[in-house]
file coords-v1.cif (mmCIF, C-alpha atoms)
data_structure
#
loop_
_atom_site.label_atom_id
_atom_site.label_comp_id
_atom_site.auth_asym_id
_atom_site.auth_seq_id
_atom_site.Cartn_x
_atom_site.Cartn_y
_atom_site.Cartn_z
CA MET T 163 0.76 -33.18 -3.87
CA GLY T 164 -2.27 -33.70 -1.60
CA ARG T 165 -2.35 -34.36 2.11
CA PRO T 166 -1.20 -37.86 3.16
CA THR T 167 -3.78 -40.40 4.32
CA ILE T 168 -3.65 -43.16 6.92
CA ALA T 169 -3.20 -45.62 4.06
CA ASP T 170 -0.13 -43.70 2.84
CA ILE T 171 1.43 -43.75 6.29
CA ALA T 172 0.60 -47.45 6.77
CA ARG T 173 2.17 -48.38 3.46
CA GLN T 174 5.32 -46.39 4.17
CA ALA T 175 5.67 -47.74 7.72
CA GLY T 176 4.81 -51.34 6.76
CA VAL T 177 1.91 -51.66 9.20
CA SER T 178 -1.89 -51.85 9.06
CA LYS T 179 -4.16 -48.81 8.88
CA GLY T 180 -5.51 -49.77 12.30
CA ALA T 181 -2.02 -49.59 13.79
CA VAL T 182 -1.55 -46.13 12.29
CA SER T 183 -4.86 -44.97 13.77
CA PHE T 184 -3.86 -46.26 17.21
CA ALA T 185 -0.47 -44.55 17.01
CA LEU T 186 -1.75 -41.21 15.71
CA ASN T 187 -4.46 -41.00 18.34
CA GLY T 188 -2.26 -42.10 21.25
CA ARG T 189 -4.31 -45.23 21.91
CA PRO T 190 -3.00 -48.61 23.13
CA GLY T 191 -2.74 -51.48 20.67
CA VAL T 192 0.77 -51.03 19.23
CA SER T 193 4.21 -51.39 20.76
CA GLU T 194 6.20 -48.32 21.62
CA ALA T 195 8.74 -49.14 18.92
CA THR T 196 5.99 -49.41 16.29
CA ARG T 197 4.34 -46.23 17.54
CA ALA T 198 7.66 -44.38 17.27
CA ARG T 199 8.19 -45.66 13.72
CA ILE T 200 4.68 -44.61 12.64
CA LEU T 201 5.05 -41.13 14.17
CA ARG T 202 8.43 -40.72 12.48
CA VAL T 203 6.94 -41.64 9.09
CA ALA T 204 3.98 -39.32 9.69
CA GLU T 205 6.37 -36.46 10.46
CA GLU T 206 8.40 -37.16 7.31
CA MET T 207 5.18 -37.10 5.28
CA ASN T 208 4.24 -33.70 6.74
CA TRP T 209 1.39 -35.06 8.88
CA ARG T 210 0.29 -33.85 12.31
CA PRO T 211 -1.50 -36.49 14.45
CA HIS T 212 -3.86 -34.22 16.36
CA SER T 213 -5.67 -33.13 13.18
CA ALA T 214 -5.87 -36.51 11.47
CA ALA T 215 -9.59 -36.97 11.84
CA ARG T 216 -10.46 -33.65 10.24
CA ALA T 217 -8.08 -34.17 7.34
CA LEU T 218 -9.32 -37.68 6.62
CA GLY T 219 -12.94 -36.58 6.78
CA GLY T 220 -12.35 -33.84 4.22
CA ALA T 221 -14.03 -31.25 6.45
CA ARG T 222 -13.23 -27.61 5.86
CA ALA T 223 -11.19 -25.77 8.44
CA ASP T 224 -13.33 -22.63 7.94
CA ALA T 225 -10.16 -20.55 8.20
CA VAL T 226 -7.62 -18.92 5.90
CA GLY T 227 -4.01 -18.13 6.66
CA LEU T 228 -1.90 -14.99 6.36
CA VAL T 229 1.80 -15.19 7.25
CA ILE T 230 3.83 -11.96 7.15
CA ALA T 231 7.63 -12.15 7.04
CA ARG T 232 8.56 -8.69 8.28
CA PRO T 233 10.08 -7.39 11.49
CA ALA T 234 7.25 -7.54 14.03
CA ARG T 235 7.98 -4.02 15.28
CA THR T 236 7.08 -2.57 11.86
CA ILE T 237 3.73 -4.37 11.56
CA GLY T 238 2.29 -3.01 14.80
CA VAL T 239 2.53 0.62 13.68
CA GLU T 240 1.78 0.17 9.97
CA PRO T 241 -1.63 1.65 9.02
CA PHE T 242 -1.62 -0.18 5.67
CA PHE T 243 -1.76 -3.58 7.34
CA SER T 244 -4.38 -2.55 9.88
CA GLN T 245 -6.66 -1.39 7.06
CA LEU T 246 -5.94 -4.49 4.98
CA LEU T 247 -6.73 -6.77 7.93
CA SER T 248 -9.94 -4.87 8.64
CA GLY T 249 -11.10 -5.39 5.06
CA LEU T 250 -10.21 -9.09 5.16
CA GLN T 251 -12.09 -9.59 8.42
CA ALA T 252 -15.19 -7.77 7.19
CA VAL T 253 -15.70 -10.35 4.43
CA LEU T 254 -14.40 -13.43 6.23
CA SER T 255 -16.45 -12.82 9.38
CA ALA T 256 -19.63 -12.56 7.32
CA ARG T 257 -18.91 -16.10 6.12
CA SER T 258 -17.89 -17.32 9.60
CA VAL T 259 -14.36 -17.92 8.31
CA ALA T 260 -11.49 -17.25 10.69
CA LEU T 261 -8.22 -15.52 9.77
CA HIS T 262 -5.08 -17.17 11.14
CA LEU T 263 -2.35 -14.52 11.26
CA MET T 264 1.31 -15.10 12.08
CA VAL T 265 4.27 -12.72 11.85
CA VAL T 266 7.63 -14.40 11.28
CA GLU T 267 11.16 -13.15 10.74
CA ASP T 268 12.02 -14.55 7.30
CA THR T 269 10.78 -16.42 4.25
CA ALA T 270 12.07 -19.80 5.43
CA ALA T 271 9.94 -19.51 8.56
CA GLU T 272 6.96 -18.43 6.46
CA ILE T 273 7.28 -21.50 4.24
CA GLU T 274 7.49 -23.76 7.28
CA VAL T 275 4.21 -22.29 8.57
CA TYR T 276 2.61 -22.98 5.18
CA ARG T 277 3.68 -26.61 5.37
CA ARG T 278 2.62 -27.06 8.99
CA TRP T 279 -0.80 -25.43 8.63
CA THR T 280 -1.47 -27.47 5.50
CA SER T 281 -0.48 -30.76 7.10
CA GLU T 282 -2.54 -29.94 10.19
CA HIS T 283 -5.54 -28.96 8.05
CA ARG T 284 -5.62 -25.63 9.86
CA VAL T 285 -6.64 -23.52 6.83
CA ASP T 286 -8.50 -23.86 3.55
CA GLY T 287 -6.28 -21.38 1.71
CA PHE T 288 -3.61 -18.72 2.01
CA ILE T 289 -3.28 -14.98 1.43
CA VAL T 290 0.26 -14.13 0.31
CA VAL T 291 1.71 -10.62 0.62
CA ASP T 292 5.02 -8.96 -0.24
CA LEU T 293 5.71 -10.82 -3.47
CA GLN T 294 9.46 -11.26 -3.92
CA LEU T 295 11.90 -11.43 -6.82
CA ARG T 296 12.25 -15.11 -7.74
CA ASP T 297 9.78 -15.86 -4.97
CA PRO T 298 10.34 -19.38 -3.51
CA ARG T 299 6.90 -19.44 -1.89
CA LEU T 300 5.02 -19.85 -5.17
CA ALA T 301 6.49 -23.30 -5.89
CA VAL T 302 5.76 -24.39 -2.32
CA LEU T 303 2.13 -23.28 -2.58
CA GLU T 304 1.77 -25.20 -5.83
CA GLU T 305 3.27 -28.28 -4.18
CA LEU T 306 0.92 -28.04 -1.19
CA GLY T 307 -2.10 -27.74 -3.45
CA LEU T 308 -4.17 -25.37 -1.31
CA PRO T 309 -5.94 -22.36 -2.85
CA ALA T 310 -4.05 -19.08 -2.57
CA VAL T 311 -4.41 -15.43 -3.55
CA VAL T 312 -1.30 -13.30 -3.95
CA LEU T 313 -1.45 -9.59 -3.22
CA GLY T 314 1.00 -8.36 -5.84
CA GLY T 315 1.80 -8.82 -9.48
CA PRO T 316 1.14 -8.87 -12.33
CA GLY T 317 1.76 -12.56 -12.88
CA LYS T 318 3.14 -14.35 -15.89
CA GLY T 319 1.78 -17.77 -16.77
CA ALA T 320 0.19 -20.21 -14.35
CA GLY T 321 0.14 -19.81 -10.60
CA PRO T 322 -2.06 -18.48 -7.82
CA LEU T 323 -4.58 -15.75 -8.51
CA ARG T 324 -3.01 -12.30 -8.14
CA ILE T 325 -4.55 -9.00 -7.12
CA TRP T 326 -2.38 -5.99 -7.79
CA ALA T 327 -2.14 -2.26 -8.38
CA ASP T 328 0.36 -0.60 -10.71
CA ASP T 329 3.23 0.51 -8.45
CA ARG T 330 5.19 1.75 -11.43
CA GLU T 331 2.48 4.12 -12.62
CA ALA T 332 1.93 5.28 -9.04
CA MET T 333 5.61 6.19 -8.61
CA LEU T 334 5.70 7.89 -12.02
CA SER T 335 2.77 10.09 -10.99
CA ILE T 336 4.74 11.25 -7.94
CA VAL T 337 7.97 11.96 -9.83
CA ASP T 338 6.17 13.70 -12.69
CA TYR T 339 4.37 15.95 -10.20
CA LEU T 340 7.55 16.82 -8.28
CA ALA T 341 9.43 17.54 -11.50
CA ALA T 342 6.54 19.67 -12.79
CA ILE T 343 6.77 21.98 -9.77
CA GLY T 344 10.53 22.29 -10.16
CA HIS T 345 12.28 19.54 -8.17
CA ARG T 346 15.50 18.23 -9.72
CA ARG T 347 17.01 16.30 -6.79
CA ILE T 348 14.66 13.59 -5.54
CA ALA T 349 15.37 10.86 -2.99
CA HIS T 350 13.30 7.74 -2.40
CA LEU T 351 13.26 5.92 0.94
CA ALA T 352 12.28 2.49 -0.34
CA GLY T 353 11.15 -0.65 1.41
CA LEU T 354 12.87 -4.03 1.53
CA PRO T 355 14.83 -4.45 -1.71
CA HIS T 356 13.83 -8.07 -2.41
CA PHE T 357 10.13 -7.15 -2.71
CA GLN T 358 8.82 -6.89 -6.27
CA HIS T 359 6.87 -3.72 -5.55
CA THR T 360 9.99 -2.07 -4.10
CA GLN T 361 11.95 -2.85 -7.25
CA ARG T 362 9.14 -1.56 -9.49
CA ARG T 363 9.15 1.74 -7.63
CA ILE T 364 12.95 2.03 -7.80
CA ARG T 365 12.96 1.27 -11.52
CA ALA T 366 10.18 3.79 -12.11
CA LEU T 367 12.22 6.51 -10.40
CA ARG T 368 15.27 5.55 -12.47
CA ASP T 369 13.33 5.69 -15.73
CA ALA T 370 11.60 8.96 -14.85
CA SER T 371 14.93 10.49 -13.86
CA ARG T 372 16.36 9.79 -17.30
CA ARG T 373 13.25 10.96 -19.11
CA LEU T 374 12.96 14.18 -17.09
CA GLY T 375 16.68 14.92 -16.93
CA LEU T 376 16.81 15.13 -13.14
CA GLU T 377 20.09 16.11 -11.49
CA GLU T 378 19.85 13.30 -8.97
CA ALA T 379 17.53 10.43 -8.10
CA VAL T 380 18.60 8.03 -5.38
CA SER T 381 16.77 5.12 -3.71
CA VAL T 382 17.66 3.99 -0.18
CA PRO T 383 16.34 0.56 0.92
CA THR T 384 14.92 0.32 4.47
CA ASP T 385 12.87 -2.09 6.56
CA PHE T 386 9.83 0.26 6.53
CA SER T 387 10.39 1.19 10.20
CA ASP T 388 10.21 4.69 11.61
CA ALA T 389 13.72 4.21 13.02
CA GLU T 390 15.31 3.46 9.64
CA GLY T 391 13.18 6.11 7.96
CA ALA T 392 14.42 8.70 10.43
CA ALA T 393 18.06 7.59 10.19
CA ALA T 394 18.08 7.61 6.39
CA THR T 395 16.38 11.02 6.31
CA ARG T 396 18.99 12.42 8.68
CA THR T 397 21.76 11.13 6.41
CA LEU T 398 20.17 12.58 3.29
CA LEU T 399 19.61 15.98 4.87
CA SER T 400 23.22 16.06 6.11
CA ARG T 401 24.60 15.90 2.56
CA PRO T 402 26.37 18.97 1.18
CA ARG T 403 23.84 19.06 -1.65
CA ARG T 404 20.73 17.53 -0.20
CA PRO T 405 17.56 16.48 -2.02
CA THR T 406 14.74 18.98 -2.34
CA ALA T 407 12.09 16.23 -2.21
CA ILE T 408 11.89 12.82 -0.53
CA VAL T 409 9.38 10.08 -1.40
CA TYR T 410 8.73 7.55 1.37
CA ASP T 411 7.40 4.03 0.79
CA SER T 412 5.24 4.19 3.92
CA ASP T 413 3.43 6.88 5.87
CA VAL T 414 5.17 5.80 9.09
CA MET T 415 8.56 6.57 7.53
CA ALA T 416 7.22 9.81 6.04
CA VAL T 417 6.04 11.06 9.43
CA ALA T 418 9.39 10.06 10.95
CA GLY T 419 11.15 11.98 8.16
CA LEU T 420 8.98 15.01 8.82
CA GLY T 421 10.09 14.92 12.45
CA VAL T 422 13.76 14.74 11.46
CA ALA T 423 13.36 17.72 9.13
CA GLY T 424 11.95 19.73 12.02
CA GLU T 425 14.76 18.58 14.30
CA MET T 426 17.36 19.73 11.74
CA GLY T 427 15.68 23.05 11.03
CA VAL T 428 14.74 22.12 7.45
CA ALA T 429 11.43 23.74 6.60
CA VAL T 430 8.70 21.59 5.04
CA PRO T 431 7.70 22.39 2.35
CA GLY T 432 9.86 25.52 1.99
CA GLU T 433 13.18 23.67 1.85
CA LEU T 434 12.03 20.06 1.55
CA SER T 435 8.94 18.47 0.01
CA ILE T 436 7.70 15.16 1.43
CA VAL T 437 5.47 12.58 -0.28
CA SER T 438 4.19 9.32 1.20
CA PHE T 439 3.44 6.26 -0.92
CA ASP T 440 0.70 5.32 1.57
CA ASP T 441 -2.11 7.54 2.77
CA SER T 442 -3.81 7.19 6.16
CA VAL T 443 -5.17 9.20 9.03
CA LEU T 444 -1.56 9.49 10.20
CA ALA T 445 -0.60 11.35 7.01
CA ARG T 446 -3.54 13.72 7.37
CA ILE T 447 -3.24 14.74 11.03
CA VAL T 448 0.42 15.80 11.09
CA HIS T 449 1.51 19.36 10.35
CA PRO T 450 1.84 19.99 7.54
CA PRO T 451 -0.46 17.24 6.25
CA LEU T 452 1.35 14.97 3.82
CA THR T 453 0.95 14.73 0.07
CA ALA T 454 0.30 11.02 -0.47
CA LEU T 455 -0.92 8.31 -2.80
CA SER T 456 -4.47 7.50 -1.79
CA ARG T 457 -6.30 4.21 -2.23
CA ASP T 458 -8.99 2.33 -0.38
CA THR T 459 -6.93 -0.30 1.45
CA PHE T 460 -9.99 -1.54 3.33
CA ALA T 461 -11.70 -2.26 -0.01
CA LEU T 462 -8.52 -3.97 -1.19
CA GLY T 463 -8.69 -6.32 1.80
CA GLU T 464 -12.36 -7.03 1.06
CA GLN T 465 -11.53 -7.91 -2.55
CA VAL T 466 -8.68 -10.22 -1.54
CA ALA T 467 -10.95 -12.07 0.89
CA ARG T 468 -13.79 -12.39 -1.64
CA SER T 469 -11.41 -13.69 -4.28
CA LEU T 470 -9.87 -16.30 -1.99
CA LEU T 471 -13.28 -17.56 -0.84
CA ALA T 472 -14.34 -17.83 -4.49
CA VAL T 473 -11.24 -19.88 -5.33
CA ILE T 474 -11.88 -22.13 -2.32
CA ASP T 475 -15.51 -22.63 -3.32
CA ASP T 476 -14.87 -23.29 -7.01
CA ALA T 477 -11.52 -25.09 -6.68
CA GLY T 478 -10.44 -23.19 -9.79
CA PRO T 479 -7.53 -20.85 -10.49
CA GLY T 480 -9.64 -17.72 -10.83
CA ARG T 481 -8.55 -14.66 -12.80
CA ASP T 482 -5.95 -12.04 -11.91
CA LEU T 483 -7.43 -8.69 -10.97
CA GLN T 484 -5.87 -5.25 -11.34
CA MET T 485 -7.09 -2.73 -8.81
CA PRO T 486 -7.23 1.04 -9.53
CA THR T 487 -3.84 2.76 -9.46
CA PRO T 488 -3.46 4.87 -6.28
CA ARG T 489 -4.07 8.56 -7.00
CA LEU T 490 -1.89 11.42 -5.82
CA THR T 491 -3.54 13.64 -3.23
CA VAL T 492 -1.64 16.92 -2.94
CA ARG T 493 -1.50 18.47 0.51
CA GLU T 494 0.68 21.03 2.27
CA SER T 495 3.93 19.01 2.49
CA THR T 496 4.90 19.77 -1.12
CA SER T 497 5.67 23.00 -2.95
CA PRO T 498 8.11 24.28 -5.57
CA PRO T 499 11.67 24.20 -4.23
CA ALA T 500 13.31 27.33 -2.96
CA ALA T 501 16.33 28.64 -4.82
CA ASP T 502 19.47 26.96 -3.49
CA GLY T 503 20.96 28.80 -0.55
CA PRO T 504 23.87 27.99 1.74
CA ALA T 505 22.03 25.13 3.44
CA GLY T 506 21.07 23.39 0.21
CA ALA T 507 24.00 24.07 -2.07
CA GLY T 508 27.13 22.02 -2.29
CA ALA T 509 30.67 23.28 -2.26
CA ALA T 510 31.82 25.16 -5.34
CA GLY T 511 32.64 22.79 -8.13
CA THR T 512 30.71 19.81 -6.74
CA ALA T 513 29.08 18.06 -9.69
CA ALA T 514 25.44 17.09 -9.78
CA VAL T 515 24.69 13.38 -10.02
CA PRO T 516 23.64 12.48 -13.56
CA ALA T 517 20.88 9.88 -13.52
CA GLY T 518 22.37 6.42 -13.74
CA ASP T 519 26.02 7.44 -13.31
CA GLY T 520 26.41 6.93 -9.56
CA PRO T 521 27.50 9.45 -6.91
CA ALA T 522 29.30 12.59 -7.96
CA PRO T 523 32.87 13.11 -6.81
CA GLY T 524 32.78 14.05 -3.17
CA ALA T 525 29.06 13.28 -2.77
CA VAL T 526 27.95 11.47 0.37
CA SER T 527 25.55 8.59 -0.27
CA PRO T 528 23.42 7.07 2.51
CA PRO T 529 24.31 3.51 3.53
CA GLY T 530 22.63 1.02 1.21
CA ALA T 531 21.62 3.66 -1.31
CA VAL T 532 21.44 2.88 -5.00
CA SER T 533 21.51 5.49 -7.71
CA ALA T 534 18.62 5.63 -10.13
CA GLY T 535 20.62 3.69 -12.67
CA THR T 536 22.05 0.88 -10.53
CA VAL T 537 18.89 -0.91 -9.51
CA ASP T 538 18.87 -4.70 -9.39
CA SER T 539 17.75 -5.58 -12.89
CA ALA T 540 17.06 -9.25 -12.25
CA PRO T 541 14.02 -10.53 -14.15
CA GLU T 542 10.83 -10.84 -12.17
CA PRO T 543 9.53 -14.35 -11.53
CA VAL T 544 6.93 -15.87 -13.78
#
call {"tool": "encode", "arguments": {"input": "coords-v1.cif", "output": "structure tokens"}}
result
Amino acid sequence: MGRPTIADIARQAGVSKGAVSFALNGRPGVSEATRARILRVAEEMNWRPHSAARALGGARADAVGLVIARPARTIGVEPFFSQLLSGLQAVLSARSVALHLMVVEDTAAEIEVYRRWTSEHRVDGFIVVDLQLRDPRLAVLEELGLPAVVLGGPGKGAGPLRIWADDREAMLSIVDYLAAIGHRRIAHLAGLPHFQHTQRRIRALRDASRRLGLEEAVSVPTDFSDAEGAAATRTLLSRPRRPTAIVYDSDVMAVAGLGVAGEMGVAVPGELSIVSFDDSVLARIVHPPLTALSRDTFALGEQVARSLLAVIDDAGPGRDLQMPTPRLTVRESTSPPAADGPAGAGAAGTAAVPAGDGPAPGAVSPPGAVSAGTVDSAPEPV
């Protein structure tokens, strides 16, 4: 459905187009009762008076929108987003296209921003991040009819152009490496559980655990913050039989986990190996520097911006694009595990956790944790 016109509003309100123009622009010429009726109809039709002229004229806004539904405190310290935004701006600025960015608390608020910016003709298209299971935003974007590029995928069938990297293969490369150097108990501090990429990583760990015969593989959802990363790490390291390796879905959480290990006297990498799913300067300047999945996030932002501008220019759907899978860069935070000693071993008789069978008798699981075999298996959206 396209943007409403003055004629649409006039027809719905039962008045002339001239009366609508007077009402929308705050000019005299209509009664207050008529003005109120016209404004009410315009609101119901998702119209905003102050941008009527631009919308009717068909002029471009020369701006694109990015709305992020995450806790604001996590965005400000997240190197991934700073690099992504830098790449976006490098391409958009060269075309004199602005980036409208808003951070909101939930998906409902994000969808409302989509509707408002579309009705106000604020943007020519949208960049969508953090693709969800059964994502409600995709239907809304189709309804609004503006170009969009989704960072995440792969997609199935029609819909906005998607740009994605293979999170499953990336996680498998981590688990295969850790298993190859001897780790049998691996924990994963995951991101928000309703994100598609979070579920792909959790499922990859589950599948690798079964294939490799790991003793234990557990995923713990978090909000990506350093606070939750630290708290979950503390819980994991307090277990009678703690993991020998932890994979973190962000470098911020990985650095927080490294700090907790030091606080608890757990040597890294001697007693605990740490891997970050994101690489950044932050991962490289700590001691020991972190083993991490490396990719050029700046270049990813550039590609997203170029693709969206191409869709806007051509008014076509474009083609999905798979980016290179992030590669594992091994640094000093990982090593073969030490033989179990008093600090790492459980009480006599405590069973290991078979992959997919849930916690062993007497085992302590972190709040919100899921075993490698109990991941949400809901189908991904088409």
call {"tool": "atom_distance", "arguments": {"input": "coords-v1.cif", "atom1": "atom CA of Ala310 of chain T", "atom2": "atom CA of Ser281 of chain T"}}
result
15.6 Å
call {"tool": "axis_aligned_box", "arguments": {"input": "coords-v1.cif", "around": "segment 450-465 of chain T", "padding_each_side": "8 Å", "output": "AutoDock Vina command-line options"}}
result
--center_x -5.3 --center_y 6.0 --center_z 2.4 --size_x 30.2 --size_y 43.9 --size_z 26.3
call {"tool": "resolve_selection", "arguments": {"input": "coords-v1.cif", "expression": "the PyMOL selection byres ((chain T and resi 192-207) around 8)", "output": "VMD selection string"}}
result
chain T and resid 166 171 to 172 174 to 175 181 to 182 184 to 186 190 to 191 208 to 211
call {"tool": "residues_around", "arguments": {"input": "coords-v1.cif", "residues": "Arg468 of chain T", "least_positions_apart": "5", "cutoff": "12 Å", "atoms": "only C-alpha atoms", "output": "MDAnalysis selection string"}}
result
chainID T and resid 226 249:257 259 289 310:311 323 325 461:463 473:475 480 483
call {"tool": "resolve_selection", "arguments": {"input": "coords-v1.cif", "expression": "the PyMOL selection byres ((chain T and resi 285) around 10)", "output": "list of chain:residue names"}}
result
T:Arg222, T:Ala223, T:Asp224, T:Ala225, T:Val226, T:Gly227, T:Leu228, T:Val259, T:Ala260, T:Leu261, T:His262, T:Tyr276, T:Trp279, T:Thr280, T:Ser281, T:Glu282, T:His283, T:Arg284, T:Asp286, T:Gly287, T:Phe288, T:Leu308, T:Pro309
call {"tool": "closest_residue", "arguments": {"input": "coords-v1.cif", "among": "T:Glu425, T:Asp388, T:Asp369, T:Asp329", "to": "Arg489 of chain T", "atoms": "all atoms listed in the file"}}
result
T:Asp329
call {"tool": "atom_distance", "arguments": {"input": "coords-v1.cif", "atom1": "atom CA of Ala472 of chain T", "atom2": "atom CA of Gln484 of chain T"}}
result
16.6 Å
